[in-house]
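*Asks:* File final.pdb below, PDB, C-alpha atoms, pLDDT in the B column:
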ATOM      1  CA  MET A   4     -24.848 -81.249  36.117  1.00 59.00           C
ATOM      2  CA  ARG A   5     -23.804 -83.581  33.322  1.00 63.00           C
ATOM      3  CA  ARG A   6     -22.337 -80.618  31.426  1.00 64.00           C
ATOM      4  CA  PHE A   7     -20.116 -79.753  34.393  1.00 60.00           C
ATOM      5  CA  LEU A   8     -18.897 -83.324  34.565  1.00 58.00           C
ATOM      6  CA  VAL A   9     -18.182 -83.444  30.815  1.00 61.00           C
ATOM      7  CA  ALA A  10     -16.409 -80.058  30.924  1.00 60.00           C
ATOM      8  CA  GLY A  11     -14.302 -81.221  33.882  1.00 61.00           C
ATOM      9  CA  VAL A  12     -13.338 -84.469  32.165  1.00 60.00           C
ATOM     10  CA  ILE A  13     -12.384 -82.619  28.974  1.00 70.00           C
ATOM     11  CA  ALA A  14     -10.337 -80.031  30.891  1.00 59.00           C
ATOM     12  CA  GLY A  15      -8.560 -82.746  32.894  1.00 60.00           C
ATOM     13  CA  ALA A  16      -7.815 -84.809  29.791  1.00 57.00           C
ATOM     14  CA  ALA A  17      -6.426 -81.754  27.991  1.00 57.00           C
ATOM     15  CA  LEU A  18      -4.186 -80.975  30.955  1.00 54.00           C
ATOM     16  CA  VAL A  19      -2.834 -84.529  31.112  1.00 52.00           C
ATOM     17  CA  ILE A  20      -2.289 -84.728  27.350  1.00 57.00           C
ATOM     18  CA  SER A  21      -0.517 -81.356  27.192  1.00 53.00           C
ATOM     19  CA  ALA A  22       1.833 -82.141  30.104  1.00 49.00           C
ATOM     20  CA  ALA A  23       5.381 -82.630  28.898  1.00 45.00           C
ATOM     21  CA  PRO A  24       8.153 -84.325  30.841  1.00 43.00           C
ATOM     22  CA  VAL A  25      10.375 -81.891  32.717  1.00 40.00           C
ATOM     23  CA  ALA A  26      14.119 -82.096  32.199  1.00 36.00           C
ATOM     24  CA  ALA A  27      16.391 -81.979  35.229  1.00 37.00           C
ATOM     25  CA  ALA A  28      17.425 -78.424  36.020  1.00 39.00           C
ATOM     26  CA  TYR A  29      20.048 -76.910  38.269  1.00 41.00           C
ATOM     27  CA  PRO A  30      18.445 -74.366  40.553  1.00 47.00           C
ATOM     28  CA  PRO A  31      20.174 -71.026  41.068  1.00 48.00           C
ATOM     29  CA  GLY A  32      22.421 -71.089  44.067  1.00 54.00           C
ATOM     30  CA  THR A  33      23.858 -74.588  43.733  1.00 68.00           C
ATOM     31  CA  ALA A  34      26.756 -74.717  46.181  1.00 75.00           C
ATOM     32  CA  THR A  35      29.667 -77.123  46.468  1.00 77.00           C
ATOM     33  CA  PHE A  36      32.324 -77.330  49.186  1.00 83.00           C
ATOM     34  CA  LEU A  37      35.648 -78.372  47.679  1.00 81.00           C
ATOM     35  CA  GLY A  38      37.656 -78.844  50.879  1.00 84.00           C
ATOM     36  CA  THR A  39      40.663 -77.349  52.635  1.00 87.00           C
ATOM     37  CA  PHE A  40      43.702 -76.168  50.684  1.00 85.00           C
ATOM     38  CA  THR A  41      47.082 -74.621  51.313  1.00 87.00           C
ATOM     39  CA  PRO A  42      48.842 -72.085  49.087  1.00 87.00           C
ATOM     40  CA  GLY A  43      50.394 -73.803  46.084  1.00 87.00           C
ATOM     41  CA  GLN A  44      47.558 -76.275  45.623  1.00 87.00           C
ATOM     42  CA  SER A  45      44.847 -76.189  42.992  1.00 87.00           C
ATOM     43  CA  ALA A  46      41.311 -77.491  42.653  1.00 86.00           C
ATOM     44  CA  SER A  47      39.058 -78.258  39.735  1.00 86.00           C
ATOM     45  CA  THR A  48      35.304 -78.712  39.483  1.00 87.00           C
ATOM     46  CA  THR A  49      32.531 -78.250  36.971  1.00 86.00           C
ATOM     47  CA  ALA A  50      29.678 -75.765  37.217  1.00 86.00           C
ATOM     48  CA  ALA A  51      26.624 -76.867  35.244  1.00 85.00           C
ATOM     49  CA  GLY A  52      23.151 -75.812  34.177  1.00 86.00           C
ATOM     50  CA  PHE A  53      24.116 -72.935  31.890  1.00 87.00           C
ATOM     51  CA  LYS A  54      22.821 -72.229  28.389  1.00 89.00           C
ATOM     52  CA  ALA A  55      25.142 -73.863  25.857  1.00 90.00           C
ATOM     53  CA  GLY A  56      27.563 -71.347  24.328  1.00 91.00           C
ATOM     54  CA  SER A  57      26.609 -68.555  26.746  1.00 91.00           C
ATOM     55  CA  ALA A  58      29.054 -66.391  28.682  1.00 91.00           C
ATOM     56  CA  VAL A  59      29.700 -67.351  32.307  1.00 91.00           C
ATOM     57  CA  ASP A  60      31.266 -64.748  34.609  1.00 92.00           C
ATOM     58  CA  PHE A  61      33.587 -65.794  37.431  1.00 92.00           C
ATOM     59  CA  ALA A  62      34.024 -63.994  40.755  1.00 91.00           C
ATOM     60  CA  VAL A  63      36.204 -64.658  43.800  1.00 91.00           C
ATOM     61  CA  ASN A  64      34.644 -63.383  47.043  1.00 90.00           C
ATOM     62  CA  GLY A  65      32.534 -61.029  44.901  1.00 89.00           C
ATOM     63  CA  THR A  66      35.491 -59.654  42.915  1.00 90.00           C
ATOM     64  CA  PRO A  67      35.180 -60.313  39.144  1.00 90.00           C
ATOM     65  CA  ASP A  68      37.824 -62.715  37.831  1.00 89.00           C
ATOM     66  CA  GLY A  69      37.220 -63.161  34.122  1.00 88.00           C
ATOM     67  CA  SER A  70      34.698 -65.208  32.216  1.00 89.00           C
ATOM     68  CA  GLY A  71      34.304 -68.359  30.176  1.00 89.00           C
ATOM     69  CA  VAL A  72      31.899 -69.960  27.720  1.00 91.00           C
ATOM     70  CA  ALA A  73      29.538 -72.809  28.636  1.00 89.00           C
ATOM     71  CA  ALA A  74      30.140 -76.031  26.702  1.00 90.00           C
ATOM     72  CA  SER A  75      27.466 -77.706  24.587  1.00 91.00           C
ATOM     73  CA  ASP A  76      26.222 -79.581  27.677  1.00 89.00           C
ATOM     74  CA  GLY A  77      25.867 -76.327  29.669  1.00 87.00           C
ATOM     75  CA  SER A  78      28.916 -76.896  31.856  1.00 87.00           C
ATOM     76  CA  VAL A  79      32.019 -74.851  32.487  1.00 89.00           C
ATOM     77  CA  VAL A  80      35.233 -76.014  34.173  1.00 88.00           C
ATOM     78  CA  LEU A  81      36.492 -74.065  37.175  1.00 87.00           C
ATOM     79  CA  ALA A  82      40.255 -74.556  37.556  1.00 89.00           C
ATOM     80  CA  ILE A  83      41.131 -72.783  40.806  1.00 89.00           C
ATOM     81  CA  SER A  84      44.751 -71.918  41.632  1.00 89.00           C
ATOM     82  CA  ILE A  85      45.609 -71.026  45.226  1.00 88.00           C
ATOM     83  CA  THR A  86      48.710 -68.932  45.879  1.00 84.00           C
ATOM     84  CA  ASP A  87      49.659 -67.023  49.009  1.00 77.00           C
ATOM     85  CA  PRO A  88      47.246 -65.112  49.568  1.00 77.00           C
ATOM     86  CA  HIS A  89      45.532 -65.118  46.165  1.00 86.00           C
ATOM     87  CA  VAL A  90      43.039 -67.219  44.177  1.00 88.00           C
ATOM     88  CA  ALA A  91      42.730 -67.313  40.373  1.00 86.00           C
ATOM     89  CA  VAL A  92      40.025 -68.975  38.258  1.00 88.00           C
ATOM     90  CA  ASN A  93      40.980 -70.571  34.912  1.00 85.00           C
ATOM     91  CA  GLY A  94      44.309 -68.754  34.747  1.00 84.00           C
ATOM     92  CA  ASN A  95      42.775 -65.275  35.101  1.00 86.00           C
ATOM     93  CA  ALA A  96      44.341 -62.544  37.238  1.00 86.00           C
ATOM     94  CA  PRO A  97      44.802 -63.614  40.863  1.00 88.00           C
ATOM     95  CA  VAL A  98      42.382 -62.046  43.359  1.00 90.00           C
ATOM     96  CA  SER A  99      43.623 -61.215  46.850  1.00 88.00           C
ATOM     97  CA  VAL A 100      41.947 -63.313  49.558  1.00 89.00           C
ATOM     98  CA  GLY A 101      42.578 -63.969  53.218  1.00 85.00           C
ATOM     99  CA  TYR A 102      42.977 -67.276  54.959  1.00 87.00           C
ATOM    100  CA  GLY A 103      39.700 -68.978  55.766  1.00 87.00           C
ATOM    101  CA  THR A 104      36.646 -69.456  53.582  1.00 89.00           C
ATOM    102  CA  THR A 105      36.787 -68.294  49.962  1.00 89.00           C
ATOM    103  CA  THR A 106      33.834 -68.337  47.576  1.00 89.00           C
ATOM    104  CA  VAL A 107      34.127 -68.745  43.800  1.00 90.00           C
ATOM    105  CA  THR A 108      30.948 -68.005  41.835  1.00 90.00           C
ATOM    106  CA  ALA A 109      30.053 -68.796  38.234  1.00 90.00           C
ATOM    107  CA  ASP A 110      27.164 -66.581  37.039  1.00 90.00           C
ATOM    108  CA  GLY A 111      25.346 -66.956  33.744  1.00 90.00           C
ATOM    109  CA  ASP A 112      22.039 -67.789  32.089  1.00 90.00           C
ATOM    110  CA  SER A 113      20.153 -71.079  32.301  1.00 87.00           C
ATOM    111  CA  PRO A 114      18.791 -72.690  29.113  1.00 88.00           C
ATOM    112  CA  THR A 115      15.494 -70.846  29.777  1.00 88.00           C
ATOM    113  CA  GLY A 116      17.295 -67.484  29.999  1.00 86.00           C
ATOM    114  CA  ALA A 117      16.877 -67.131  33.766  1.00 87.00           C
ATOM    115  CA  PRO A 118      19.963 -66.111  35.732  1.00 88.00           C
ATOM    116  CA  ILE A 119      21.779 -68.977  37.424  1.00 88.00           C
ATOM    117  CA  ALA A 120      24.754 -69.093  39.771  1.00 87.00           C
ATOM    118  CA  ASP A 121      26.879 -72.005  40.916  1.00 87.00           C
ATOM    119  CA  THR A 122      28.951 -71.340  44.014  1.00 88.00           C
ATOM    120  CA  VAL A 123      32.059 -73.184  45.131  1.00 87.00           C
ATOM    121  CA  THR A 124      33.534 -72.643  48.583  1.00 88.00           C
ATOM    122  CA  LEU A 125      36.918 -73.701  49.827  1.00 88.00           C
ATOM    123  CA  THR A 126      38.926 -73.124  52.955  1.00 88.00           C
ATOM    124  CA  ILE A 127      42.484 -71.843  52.657  1.00 87.00           C
ATOM    125  CA  VAL A 128      44.848 -72.503  55.548  1.00 89.00           C
ATOM    126  CA  GLN A 129      48.347 -71.198  56.090  1.00 84.00           C
ATOM    127  CA  THR A 130      51.247 -73.626  56.042  1.00 75.00           C
ATOM    128  CA  ALA A 131      54.529 -73.361  57.893  1.00 58.00           C
ATOM    129  CA  ALA A 132      56.504 -73.970  54.708  1.00 52.00           C
ATOM    130  CA  PRO A 133      54.731 -73.003  51.467  1.00 47.00           C
ATOM    131  CA  THR A 134      54.573 -75.706  48.809  1.00 48.00           C
ATOM    132  CA  SER A 135      55.373 -75.022  45.191  1.00 48.00           C
ATOM    133  CA  PRO A 136      52.627 -75.500  42.583  1.00 50.00           C
ATOM    134  CA  SER A 137      54.663 -78.211  40.833  1.00 48.00           C
ATOM    135  CA  THR A 138      54.670 -80.471  43.922  1.00 50.00           C
ATOM    136  CA  ALA A 139      51.122 -79.836  45.083  1.00 49.00           C
ATOM    137  CA  ALA A 140      48.589 -82.480  44.126  1.00 50.00           C
ATOM    138  CA  PRO A 141      45.508 -81.092  42.393  1.00 52.00           C
ATOM    139  CA  ILE A 142      42.243 -81.968  44.073  1.00 51.00           C
ATOM    140  CA  THR A 143      39.125 -82.403  41.995  1.00 50.00           C
ATOM    141  CA  ALA A 144      35.481 -82.502  43.012  1.00 49.00           C
ATOM    142  CA  SER A 145      32.467 -83.802  41.184  1.00 47.00           C
ATOM    143  CA  PRO A 146      29.797 -81.362  39.979  1.00 50.00           C
ATOM    144  CA  SER A 147      26.698 -80.675  42.034  1.00 52.00           C
ATOM    145  CA  LEU A 148      23.748 -83.011  41.793  1.00 51.00           C
ATOM    146  CA  ALA A 149      20.859 -82.042  39.561  1.00 53.00           C
ATOM    147  CA  PHE A 150      17.533 -80.820  40.885  1.00 55.00           C
ATOM    148  CA  THR A 151      15.122 -83.496  39.672  1.00 58.00           C
ATOM    149  CA  GLY A 152      11.846 -81.987  40.840  1.00 60.00           C
ATOM    150  CA  ALA A 153       9.153 -80.671  38.544  1.00 64.00           C
ATOM    151  CA  ASP A 154       8.810 -77.105  37.356  1.00 67.00           C
ATOM    152  CA  ILE A 155       5.043 -76.818  37.678  1.00 77.00           C
ATOM    153  CA  ALA A 156       4.593 -73.151  36.770  1.00 76.00           C
ATOM    154  CA  ALA A 157       3.721 -73.940  33.133  1.00 79.00           C
ATOM    155  CA  MET A 158       1.275 -76.657  34.179  1.00 82.00           C
ATOM    156  CA  VAL A 159      -0.446 -74.291  36.652  1.00 83.00           C
ATOM    157  CA  VAL A 160      -0.831 -71.613  33.969  1.00 84.00           C
ATOM    158  CA  GLY A 161      -2.142 -74.224  31.521  1.00 85.00           C
ATOM    159  CA  GLY A 162      -4.612 -75.522  34.099  1.00 86.00           C
ATOM    160  CA  LEU A 163      -5.868 -72.017  34.845  1.00 89.00           C
ATOM    161  CA  ALA A 164      -6.296 -71.382  31.118  1.00 89.00           C
ATOM    162  CA  LEU A 165      -8.298 -74.602  30.757  1.00 88.00           C
ATOM    163  CA  ILE A 166     -10.501 -73.627  33.697  1.00 91.00           C
ATOM    164  CA  ALA A 167     -11.147 -70.236  32.069  1.00 90.00           C
ATOM    165  CA  VAL A 168     -12.025 -71.862  28.726  1.00 90.00           C
ATOM    166  CA  GLY A 169     -14.274 -74.390  30.455  1.00 89.00           C
ATOM    167  CA  SER A 170     -16.055 -71.611  32.351  1.00 90.00           C
ATOM    168  CA  PHE A 171     -16.592 -69.697  29.122  1.00 90.00           C
ATOM    169  CA  VAL A 172     -18.064 -72.793  27.441  1.00 90.00           C
ATOM    170  CA  ILE A 173     -20.439 -73.381  30.366  1.00 91.00           C
ATOM    171  CA  VAL A 174     -21.630 -69.751  30.425  1.00 90.00           C
ATOM    172  CA  ALA A 175     -22.115 -69.720  26.637  1.00 90.00           C
ATOM    173  CA  THR A 176     -24.064 -72.991  26.759  1.00 91.00           C
ATOM    174  CA  ARG A 177     -26.333 -71.682  29.515  1.00 90.00           C
ATOM    175  CA  ARG A 178     -27.023 -68.452  27.596  1.00 89.00           C
ATOM    176  CA  ARG A 179     -27.823 -70.379  24.434  1.00 89.00           C
ATOM    177  CA  ALA A 180     -30.229 -72.671  26.338  1.00 88.00           C
ATOM    178  CA  ARG A 181     -31.910 -69.676  28.007  1.00 89.00           C
ATOM    179  CA  ARG A 182     -32.352 -67.948  24.617  1.00 89.00           C
ATOM    180  CA  ARG A 183     -33.924 -71.131  23.182  1.00 88.00           C
ATOM    181  CA  ARG A 184     -36.366 -71.326  26.121  1.00 88.00           C
ATOM    182  CA  GLU A 185     -37.278 -67.661  25.753  1.00 88.00           C
ATOM    183  CA  ALA A 186     -37.764 -68.022  21.983  1.00 85.00           C
ATOM    184  CA  ALA A 187     -40.082 -71.021  22.404  1.00 77.00           C
TER     185      ALA A 187
END
Represent the supplied structure as structure tokens.
*Replies:*
Amino acid sequence: MRRFLVAGVIAGAALVISAAPVAAAYPPGTATFLGTFTPGQSASTTAAGFKAGSAVDFAVNGTPDGSGVAASDGSVVLAISITDPHVAVNGNAPVSVGYGTTTVTADGDSPTGAPIADTVTLTIVQTAAPTSPSTAAPITASPSLAFTGADIAAMVVGGLALIAVGSFVIVATRRRARRRREAA
């Protein structure tokens, strides 16, 4: 019984010692609502959580609209221009959209290599008299909040490995003791 207790204490201590702090991560599917816009206005926001220096693809309502490169902090700016009835991201070719809800997606890789997507939605409404881009005030939004929970997958795998090693040590110890008893 004492061996089980010692093995459990050792396994628990190893798990606690090997645990590393988890950095904040942006989960795939982070969504931000920018607001309501009329043709001639523009919006700007930042998508974050990408691998630094990696390519980030943009899409408007599922239609590809160019790409960009994530900055050293893993962010990419989304400058959205709204014209009647089109939307363009970062000066790329305008994509035809209807009035109502429009979705802009930034797809890329997270620092771990997993795919990640930040989605921005906005509502486009028709105006009686269109405004020119030079007189429209740009509207900016802050980036999405970070997911600050723990990614426990690595700790679970480590714990299972420690349990397996502990079980092996217990079985080997029992066999050695049985062989000693039989030899005596």
*Asks:* In Å to one decimal, how far is atom CA of A:Pro118 from atom CA of A:Ala164?
*Replies:*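 About the pair atom CA of A:Ala164 and atom CA of A:Pro118: they are 27.2 Å apart.
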*Asks:* Please measure the separation of atom CA of A:Gly56 and atom CA of A:Ala109, giving the value in Å to one decimal.
*Replies:*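 These two atoms are separated by 14.4 Å.
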*Asks:* Apply the PyMOL selection byres ((chain A and resi 106) around 8) to the file shown and report the selected residues as a PyMOL selection string.
*Replies:* chain A and resi 63-65+104-105+107-108+122-125
*Asks:* Quick check, in Å to one decimal: how far apart do atom CA of A:Arg179 and atom CA of A:Val160 lie?
*Replies:*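 Atom-to-atom, atom CA of A:Arg179 and atom CA of A:Val160 are spaced 28.7 Å apart.
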*Asks:* Residue by residue, what does the PyMOL selection byres ((chain A and resi 39) around 12) grab here? Present the result as a list in words.
*Replies:*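 After applying the PyMOL selection byres ((chain A and resi 39) around 12), what remains is Phe36, Leu37, Gly38, Phe40, Thr41, Pro42, Gln44, Ser45, Ala46, Ile85, Tyr102, Gly103, Thr104, Thr105, Thr124, Leu125, Thr126, Ile127, Val128, Gln129, Thr130, Pro141, Ile142 and Thr143 of chain A.
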*Asks:* Which polymer residues, protein or nucleic acid, are no farther than 6 Å from (29.4, -69.4, 32.6), counting only C-alpha atoms, as number ranges by chain?
*Replies:* A: 58-60, 71-73, 109-111
*Asks:* Taking the file as I've supplied it (selection: the PyMOL selection byres ((chain A and resi 113) around 10)), which residues are included? Please answer as a JSON list (two decimals) with C-alpha atoms, in the frame of the given file.
*Replies:*
[["chain", "number", "residue", "atom", "x", "y", "z"],
["A", 28, "ALA", "CA", 17.42, -78.42, 36.02],
["A", 29, "TYR", "CA", 20.05, -76.91, 38.27],
["A", 30, "PRO", "CA", 18.44, -74.37, 40.55],
["A", 31, "PRO", "CA", 20.17, -71.03, 41.07],
["A", 51, "ALA", "CA", 26.62, -76.87, 35.24],
["A", 52, "GLY", "CA", 23.15, -75.81, 34.18],
["A", 53, "PHE", "CA", 24.12, -72.94, 31.89],
["A", 54, "LYS", "CA", 22.82, -72.23, 28.39],
["A", 55, "ALA", "CA", 25.14, -73.86, 25.86],
["A", 57, "SER", "CA", 26.61, -68.56, 26.75],
["A", 77, "GLY", "CA", 25.87, -76.33, 29.67],
["A", 110, "ASP", "CA", 27.16, -66.58, 37.04],
["A", 111, "GLY", "CA", 25.35, -66.96, 33.74],
["A", 112, "ASP", "CA", 22.04, -67.79, 32.09],
["A", 114, "PRO", "CA", 18.79, -72.69, 29.11],
["A", 115, "THR", "CA", 15.49, -70.85, 29.78],
["A", 116, "GLY", "CA", 17.30, -67.48, 30.00],
["A", 117, "ALA", "CA", 16.88, -67.13, 33.77],
["A", 118, "PRO", "CA", 19.96, -66.11, 35.73],
["A", 119, "ILE", "CA", 21.78, -68.98, 37.42],
["A", 120, "ALA", "CA", 24.75, -69.09, 39.77]]
